[in-house]
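Structure below is data_19.pdb: PDB, C-alpha atoms and all ligand atoms.
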```pdb
ATOM      1  CA  MET A   1      66.325  72.742 126.893
ATOM      2  CA  LYS A   2      66.574  69.259 125.406
ATOM      3  CA  HIS A   3      70.149  68.424 124.500
ATOM      4  CA  LEU A   4      71.364  68.499 120.890
ATOM      5  CA  VAL A   5      73.313  65.905 118.910
ATOM      6  CA  SER A   6      76.028  66.933 116.448
ATOM      7  CA  VAL A   7      77.267  64.048 114.301
ATOM      8  CA  SER A   8      80.969  64.271 113.396
ATOM      9  CA  VAL A   9      81.752  63.088 109.875
ATOM     10  CA  LEU A  10      85.464  62.555 110.599
ATOM     11  CA  THR A  11      85.052  58.775 110.459
ATOM     12  CA  ALA A  12      82.362  58.778 107.757
ATOM     13  CA  ASP A  13      82.955  57.196 104.345
ATOM     14  CA  PHE A  14      84.407  60.096 102.318
ATOM     15  CA  CYS A  15      83.948  58.200  99.058
ATOM     16  CA  ASN A  16      80.237  58.328  99.768
ATOM     17  CA  LEU A  17      80.049  61.634 101.571
ATOM     18  CA  SER A  18      76.788  62.682  99.899
ATOM     19  CA  SER A  19      74.947  59.608 101.098
ATOM     20  CA  GLU A  20      76.457  59.989 104.591
ATOM     21  CA  ILE A  21      75.103  63.561 104.729
ATOM     22  CA  GLN A  22      71.710  62.372 103.431
ATOM     23  CA  MET A  23      71.661  59.821 106.261
ATOM     24  CA  ILE A  24      72.363  62.583 108.794
ATOM     25  CA  ASN A  25      69.694  64.792 107.185
ATOM     26  CA  LYS A  26      67.079  62.108 107.727
ATOM     27  CA  SER A  27      68.245  61.294 111.268
ATOM     28  CA  LEU A  28      67.566  63.033 114.597
ATOM     29  CA  SER A  29      70.964  64.766 114.474
ATOM     30  CA  ASP A  30      70.560  68.501 115.124
ATOM     31  CA  TRP A  31      73.890  69.678 113.682
ATOM     32  CA  ILE A  32      76.734  68.333 111.543
ATOM     33  CA  HIS A  33      80.170  68.512 113.192
ATOM     34  CA  LEU A  34      83.153  69.130 110.882
ATOM     35  CA  ASP A  35      86.700  68.733 112.241
ATOM     36  CA  VAL A  36      89.356  70.816 110.512
ATOM     37  CA  MET A  37      92.921  69.723 111.416
ATOM     38  CA  ASP A  38      96.106  71.340 110.142
ATOM     39  CA  GLY A  39      98.842  68.880 111.101
ATOM     40  CA  VAL A  40     100.396  71.577 113.324
ATOM     41  CA  PHE A  41      98.007  72.178 116.212
ATOM     42  CA  VAL A  42      97.176  68.453 116.138
ATOM     43  CA  PRO A  43      99.168  65.511 114.741
ATOM     44  CA  ASN A  44      96.687  64.857 111.943
ATOM     45  CA  ILE A  45      95.365  66.521 108.786
ATOM     46  CA  SER A  46      91.685  66.208 107.886
ATOM     47  CA  PHE A  47      89.978  68.455 105.334
ATOM     48  CA  GLY A  48      89.303  72.093 104.506
ATOM     49  CA  PHE A  49      87.112  74.479 102.545
ATOM     50  CA  PRO A  50      86.138  72.321  99.491
ATOM     51  CA  VAL A  51      84.758  69.540 101.689
ATOM     52  CA  ILE A  52      82.844  71.988 103.891
ATOM     53  CA  GLU A  53      81.353  73.636 100.792
ATOM     54  CA  HIS A  54      80.273  70.239  99.476
ATOM     55  CA  VAL A  55      78.673  69.298 102.795
ATOM     56  CA  LYS A  56      76.884  72.670 102.898
ATOM     57  CA  LYS A  57      75.195  71.934  99.561
ATOM     58  CA  GLU A  58      73.829  68.618 100.830
ATOM     59  CA  ALA A  59      73.102  69.454 104.473
ATOM     60  CA  VAL A  60      69.773  70.590 105.859
ATOM     61  CA  ARG A  61      71.236  71.064 109.365
ATOM     62  CA  PRO A  62      73.565  73.779 110.689
ATOM     63  CA  LEU A  63      77.285  73.176 110.180
ATOM     64  CA  ASP A  64      79.201  73.054 113.462
ATOM     65  CA  VAL A  65      82.823  73.588 112.429
ATOM     66  CA  HIS A  66      85.581  72.753 114.932
ATOM     67  CA  LEU A  67      88.954  74.257 114.068
ATOM     68  CA  MET A  68      92.016  72.417 115.362
ATOM     69  CA  ILE A  69      94.399  74.797 113.621
ATOM     70  CA  VAL A  70      96.946  77.428 114.606
ATOM     71  CA  ASP A  71      96.207  81.070 113.816
ATOM     72  CA  PRO A  72      92.511  80.596 112.932
ATOM     73  CA  ASP A  73      92.091  84.389 112.538
ATOM     74  CA  ARG A  74      93.543  84.093 109.040
ATOM     75  CA  TYR A  75      90.570  82.059 107.805
ATOM     76  CA  LEU A  76      87.438  83.101 109.732
ATOM     77  CA  GLY A  77      85.779  84.766 106.706
ATOM     78  CA  ARG A  78      86.583  81.822 104.463
ATOM     79  CA  PHE A  79      84.956  79.379 106.887
ATOM     80  CA  ARG A  80      81.854  81.580 106.974
ATOM     81  CA  ASN A  81      81.807  81.689 103.152
ATOM     82  CA  SER A  82      82.225  77.911 103.018
ATOM     83  CA  GLY A  83      79.060  77.466 105.074
ATOM     84  CA  ALA A  84      79.957  77.365 108.764
ATOM     85  CA  ASP A  85      77.070  78.349 111.060
ATOM     86  CA  ILE A  86      78.878  77.714 114.343
ATOM     87  CA  LEU A  87      82.657  78.212 114.399
ATOM     88  CA  THR A  88      84.713  76.898 117.315
ATOM     89  CA  VAL A  89      88.373  77.744 117.889
ATOM     90  CA  GLN A  90      90.741  76.105 120.352
ATOM     91  CA  TYR A  91      91.535  78.178 123.448
ATOM     92  CA  GLU A  92      95.155  77.014 123.216
ATOM     93  CA  ALA A  93      95.519  78.272 119.623
ATOM     94  CA  CYS A  94      94.369  81.863 120.204
ATOM     95  CA  VAL A  95      96.558  84.588 121.676
ATOM     96  CA  HIS A  96      93.833  87.245 121.351
ATOM     97  CA  LEU A  97      90.790  85.059 121.940
ATOM     98  CA  GLN A  98      88.332  87.848 122.727
ATOM     99  CA  ARG A  99      89.123  89.474 119.392
ATOM    100  CA  THR A 100      88.790  86.148 117.569
ATOM    101  CA  VAL A 101      85.367  85.242 119.001
ATOM    102  CA  SER A 102      84.100  88.797 118.483
ATOM    103  CA  GLU A 103      85.143  88.600 114.832
ATOM    104  CA  ILE A 104      83.360  85.248 114.444
ATOM    105  CA  ARG A 105      80.158  86.872 115.744
ATOM    106  CA  ASN A 106      80.647  89.959 113.561
ATOM    107  CA  LEU A 107      80.794  87.628 110.569
ATOM    108  CA  GLY A 108      77.340  86.316 111.514
ATOM    109  CA  MET A 109      78.311  82.953 113.014
ATOM    110  CA  LYS A 110      77.889  81.570 116.523
ATOM    111  CA  ALA A 111      81.231  81.550 118.346
ATOM    112  CA  GLY A 112      82.586  78.575 120.262
ATOM    113  CA  VAL A 113      85.769  78.031 122.242
ATOM    114  CA  ALA A 114      87.221  74.548 122.746
ATOM    115  CA  LEU A 115      89.294  73.511 125.745
ATOM    116  CA  ASN A 116      91.847  70.707 125.638
ATOM    117  CA  PRO A 117      91.731  68.049 128.386
ATOM    118  CA  HIS A 118      94.625  69.590 130.337
ATOM    119  CA  SER A 119      93.202  73.135 130.330
ATOM    120  CA  PRO A 120      91.088  74.048 133.394
ATOM    121  CA  VAL A 121      87.658  75.600 132.873
ATOM    122  CA  SER A 122      88.669  78.477 135.169
ATOM    123  CA  LEU A 123      90.585  79.850 132.138
ATOM    124  CA  LEU A 124      87.209  80.663 130.579
ATOM    125  CA  LYS A 125      85.985  83.031 133.309
ATOM    126  CA  ASN A 126      86.592  86.216 131.306
ATOM    127  CA  ILE A 127      85.587  84.908 127.890
ATOM    128  CA  LEU A 128      82.184  83.396 128.774
ATOM    129  CA  PRO A 129      80.317  86.704 128.203
ATOM    130  CA  TYR A 130      81.545  86.703 124.584
ATOM    131  CA  VAL A 131      80.854  83.146 123.389
ATOM    132  CA  ASP A 132      77.809  81.072 122.449
ATOM    133  CA  MET A 133      79.337  77.688 123.223
ATOM    134  CA  VAL A 134      82.192  76.003 125.094
ATOM    135  CA  LEU A 135      83.479  72.712 123.727
ATOM    136  CA  ILE A 136      85.020  70.537 126.430
ATOM    137  CA  MET A 137      87.389  68.162 124.610
ATOM    138  CA  THR A 138      86.919  64.757 126.202
ATOM    139  CA  VAL A 139      89.889  63.290 124.291
ATOM    140  CA  ASN A 140      93.097  64.915 123.089
ATOM    141  CA  PRO A 141      92.092  66.345 119.719
ATOM    142  CA  GLY A 142      93.346  64.853 116.473
ATOM    143  CA  PHE A 143      91.629  61.541 115.912
ATOM    144  CA  GLY A 144      88.224  59.921 116.020
ATOM    145  CA  GLY A 145      87.563  56.766 117.989
ATOM    146  CA  GLN A 146      89.618  57.553 121.121
ATOM    147  CA  THR A 147      88.730  56.693 124.712
ATOM    148  CA  PHE A 148      86.700  59.219 126.716
ATOM    149  CA  ILE A 149      88.672  60.894 129.540
ATOM    150  CA  SER A 150      86.551  60.533 132.674
ATOM    151  CA  GLU A 151      88.022  63.575 134.492
ATOM    152  CA  SER A 152      85.904  65.525 131.984
ATOM    153  CA  TYR A 153      82.842  65.088 134.229
ATOM    154  CA  ASN A 154      84.361  67.374 136.876
ATOM    155  CA  LYS A 155      85.071  69.999 134.213
ATOM    156  CA  ILE A 156      81.523  69.792 132.860
ATOM    157  CA  ARG A 157      79.982  70.206 136.333
ATOM    158  CA  GLU A 158      82.265  73.119 137.181
ATOM    159  CA  LEU A 159      81.517  74.872 133.888
ATOM    160  CA  ARG A 160      77.775  74.268 134.319
ATOM    161  CA  ARG A 161      77.994  76.055 137.686
ATOM    162  CA  MET A 162      79.973  78.965 136.231
ATOM    163  CA  ILE A 163      77.425  79.455 133.446
ATOM    164  CA  ASP A 164      74.321  79.080 135.615
ATOM    165  CA  GLU A 165      75.560  81.230 138.503
ATOM    166  CA  ASN A 166      76.251  84.106 136.114
ATOM    167  CA  GLY A 167      73.187  83.603 133.935
ATOM    168  CA  TYR A 168      75.228  83.284 130.723
ATOM    169  CA  ASN A 169      73.585  82.013 127.545
ATOM    170  CA  VAL A 170      76.350  79.540 126.658
ATOM    171  CA  LEU A 171      75.983  75.950 125.477
ATOM    172  CA  ILE A 172      78.282  73.186 126.758
ATOM    173  CA  GLN A 173      79.429  70.757 124.064
ATOM    174  CA  VAL A 174      81.500  67.594 124.530
ATOM    175  CA  ASP A 175      83.578  65.931 121.839
ATOM    176  CA  GLY A 176      85.492  62.655 121.857
ATOM    177  CA  GLY A 177      84.547  59.163 122.971
ATOM    178  CA  VAL A 178      80.856  59.985 123.314
ATOM    179  CA  ASP A 179      78.582  56.989 122.793
ATOM    180  CA  THR A 180      75.275  55.517 123.915
ATOM    181  CA  SER A 181      76.833  54.287 127.182
ATOM    182  CA  ASN A 182      77.854  57.735 128.488
ATOM    183  CA  ALA A 183      75.424  60.083 126.700
ATOM    184  CA  ARG A 184      72.859  60.120 129.512
ATOM    185  CA  SER A 185      75.360  60.780 132.304
ATOM    186  CA  LEU A 186      76.951  63.565 130.245
ATOM    187  CA  VAL A 187      73.605  65.283 129.778
ATOM    188  CA  GLU A 188      72.846  64.816 133.490
ATOM    189  CA  ALA A 189      76.206  66.453 134.308
ATOM    190  CA  GLY A 190      75.131  69.513 132.321
ATOM    191  CA  VAL A 191      76.017  68.952 128.657
ATOM    192  CA  ASP A 192      73.860  70.665 126.009
ATOM    193  CA  VAL A 193      75.452  69.303 122.810
ATOM    194  CA  LEU A 194      76.818  65.779 122.301
ATOM    195  CA  VAL A 195      79.291  65.300 119.440
ATOM    196  CA  ALA A 196      79.593  61.724 118.222
ATOM    197  CA  GLY A 197      81.546  60.340 115.293
ATOM    198  CA  ASN A 198      82.953  56.885 115.776
ATOM    199  CA  ALA A 199      79.980  55.673 117.830
ATOM    200  CA  VAL A 200      77.720  56.515 114.883
ATOM    201  CA  PHE A 201      79.791  55.418 111.908
ATOM    202  CA  SER A 202      81.156  52.204 113.429
ATOM    203  CA  SER A 203      77.688  51.038 114.401
ATOM    204  CA  ASP A 204      75.598  48.646 112.308
ATOM    205  CA  ASN A 205      72.756  51.138 112.192
ATOM    206  CA  PRO A 206      73.999  54.763 112.306
ATOM    207  CA  THR A 207      70.486  56.252 112.148
ATOM    208  CA  GLU A 208      69.389  54.195 115.127
ATOM    209  CA  THR A 209      72.550  55.099 117.077
ATOM    210  CA  ILE A 210      71.828  58.800 116.470
ATOM    211  CA  ARG A 211      68.258  58.253 117.685
ATOM    212  CA  ARG A 212      69.569  56.611 120.851
ATOM    213  CA  LEU A 213      71.967  59.504 121.473
ATOM    214  CA  LYS A 214      69.064  61.906 121.095
ATOM    215  CA  GLU A 215      66.511  59.916 123.098
ATOM    216  CA  LEU A 216      69.153  58.790 125.659
ATOM    217  CA  GLU A 217      68.210  55.145 125.348
TER     218      GLU A 217
HETATM  219  C1  LIG B 301      88.609  64.673 117.668
HETATM  220  C2  LIG B 301      87.487  65.360 116.960
HETATM  221  C3  LIG B 301      86.153  64.744 117.207
HETATM  222  C4  LIG B 301      85.937  63.357 116.661
HETATM  223  C5  LIG B 301      84.836  62.733 117.461
HETATM  224  O1  LIG B 301      89.773  65.421 117.565
HETATM  225  O2  LIG B 301      87.413  66.723 117.362
HETATM  226  O3  LIG B 301      85.113  65.580 116.722
HETATM  227  O4  LIG B 301      85.532  63.336 115.334
HETATM  228  O5  LIG B 301      85.344  61.767 118.216
HETATM  229  P1  LIG B 301      84.664  60.315 118.288
HETATM  230  O6  LIG B 301      85.013  59.631 117.004
HETATM  231  O7  LIG B 301      85.326  59.712 119.481
HETATM  232  O8  LIG B 301      83.197  60.473 118.467
HETATM  233 ZN    ZN B 302      85.521  67.909 116.919
END
```
Represent the structure of the file as structure tokens.
Ligand code: DX5
Ligand code: ZN
Amino acid sequence: MKHLVSVSVLTADFCNLSSEIQMINKSLSDWIHLDVMDGVFVPNISFGFPVIEHVKKEAVRPLDVHLMIVDPDRYLGRFRNSGADILTVQYEACVHLQRTVSEIRNLGMKAGVALNPHSPVSLLKNILPYVDMVLIMTVNPGFGGQTFISESYNKIRELRRMIDENGYNVLIQVDGGVDTSNARSLVEAGVDVLVAGNAVFSSDNPTETIRRLKELE
């Protein structure tokens, strides 16, 4: 399968969010990545349901919603009603993860689980049969524009092996510090979905940067 690109709007211009979404709609981005932060699980607060609902009205691509919040079980239905197509929860925030991802699927969304940089992929062994995607965090979550953690390559390769050896239908996503300089090596290591925010919105030509992430140029 050709890899997918999911553009994160965290560093987009929120005063012109409609035009930023229109830009993504016309680009080669496959999904739109939305980072929800609660100021508790991560040391930052981003946005919630009203913004997601607004993006849903403008977007022609699936919404890939990444929850960096404690106790996500309280809000799964509300994220679905706001327009989430793929809903990813942090491994470290879920005490009963199998129940959480099953509920996400029961609500009609794809279920993802995200792993912080310090958490080994071996923790996922017993949850892989129940998820559609694993998000390997390649920075500590909370902020856009951070430096990619290179140890992530070992985690990606190990997870790729775990998925392939067992024949699971699970996508590998990476998030944080992804840009045109590392996109190709990440895909070669086994990544299916590249998330990119800062690399896109800090570039002179966001549409062209998205094209390069997709075409690996
Ligand atoms: C970080 C977020 C990322 C961020 C992308 O906590 O989860 O999705 O927006 O990171 P950059 O800006 O490095 O692409
Ligand atoms: Zn994210």
Next item on the list: Taking the file as shown, find all residues satisfying the PyMOL selection byres (((chain A and resi 156-159) around 10) and not hetatm) and write them as a PyMOL selection string.
Entry: chain A and resi 120-122+124-125+128+134-136+138+151-155+160-165+172-174+186-191
Exercise for the section: Residues up to 7 Å from ligand ZN 302 (chain B), counting all atoms listed in the file: could you list those as a PyMOL selection string? Expected result: chain A and resi 8+33-35+66+175
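Contacts with ligand LIG 301 (chain B) are defined as any residue atom within 6 Å of a ligand atom, using only C-alpha atoms and all ligand atoms; the residues meeting this criterion are Ser8, Leu10, Asp35, Pro141, Gly142, Phe143, Gly144, Gly145, Gln146, Asp175, Gly176, Gly177, Val178, Ala196, Gly197, Asn198 and Ala199 of chain A.
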### Task
Might you spell out which residues the PyMOL selection byres (((chain A and resi 217) around 9) and not hetatm) would select in the displayed file, as a ChimeraX atom specification?
/A:180-181,183-184,211-216
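Considering the residues A:Val42, A:Met137, A:Ile149, A:Val65 and counting all atoms listed in the file, Met109 of chain A has its shortest atom-to-atom contact with A:Val65.
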### Task
Check which residues satisfy the PyMOL selection byres (((chain A and resi 131) around 8) and not hetatm) in the file shown, then give them as a PyMOL selection string.
chain A and resi 101+110-113+127-130+132-134+170
Please, what distance in Å, to one decimal, runs between atom CA of His96 of chain A and atom CA of Leu123 of chain A?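 Interatomic distance here is 13.5 Å.
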Separation of atom CA of Thr209 of chain A from atom CA of Glu20 of chain A in Å
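Value for the atom CA of Glu20 of chain A-atom CA of Thr209 of chain A distance: 14.0 Å.
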Closest of A:Cys15, A:Val89, A:Lys56, A:Leu28 to Leu115 of chain A, counting only C-alpha atoms, is A:Val89
Among the residues A:Leu67, A:Cys94, A:Leu87, A:Ile210, the one that comes closest to Phe47 of chain A [using all atoms listed in the file] |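 Smallest separation from Phe47 of chain A among the options: A:Leu67.
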Could you write out as lines of an AutoDock Vina configuration file the box around segment 53-62 of chain A (axis-aligned, all atoms listed in the file, 5 Å on each side), with centre and edge lengths in Å to one decimal?
```
center_x = 75.6
center_y = 71.2
center_z = 105.1
size_x = 21.6
size_y = 15.2
size_z = 21.2
```
Hey, what's within 12 Å of Tyr75 of chain A if we count all atoms listed in the file and toss same-chain stuff fewer than 2 positions away? As a PyMOL selection string, please?
chain A and resi 36+48-49+67+69-73+77-82+84+87+89+100+103-104+107
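The smallest atom-to-atom distance between Val193 of chain A and any of A:Ser119, A:Ser19, A:Ser46, A:Ser29, using all atoms listed in the file, is found for A:Ser29.
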One decimal place gives the atom CA of Ile52 of chain A-atom CA of Asn25 of chain A separation as 15.3 Å
Closest of A:Lys2, A:Arg74, A:His118, A:His54 to Leu17 of chain A, counting all atoms listed in the file, is A:His54
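With only C-alpha atoms as the basis for measurement, A:Asn106 is the residue among A:Arg61, A:Asp204, A:Ala93, A:Asn106 that approaches Leu76 of chain A most closely.
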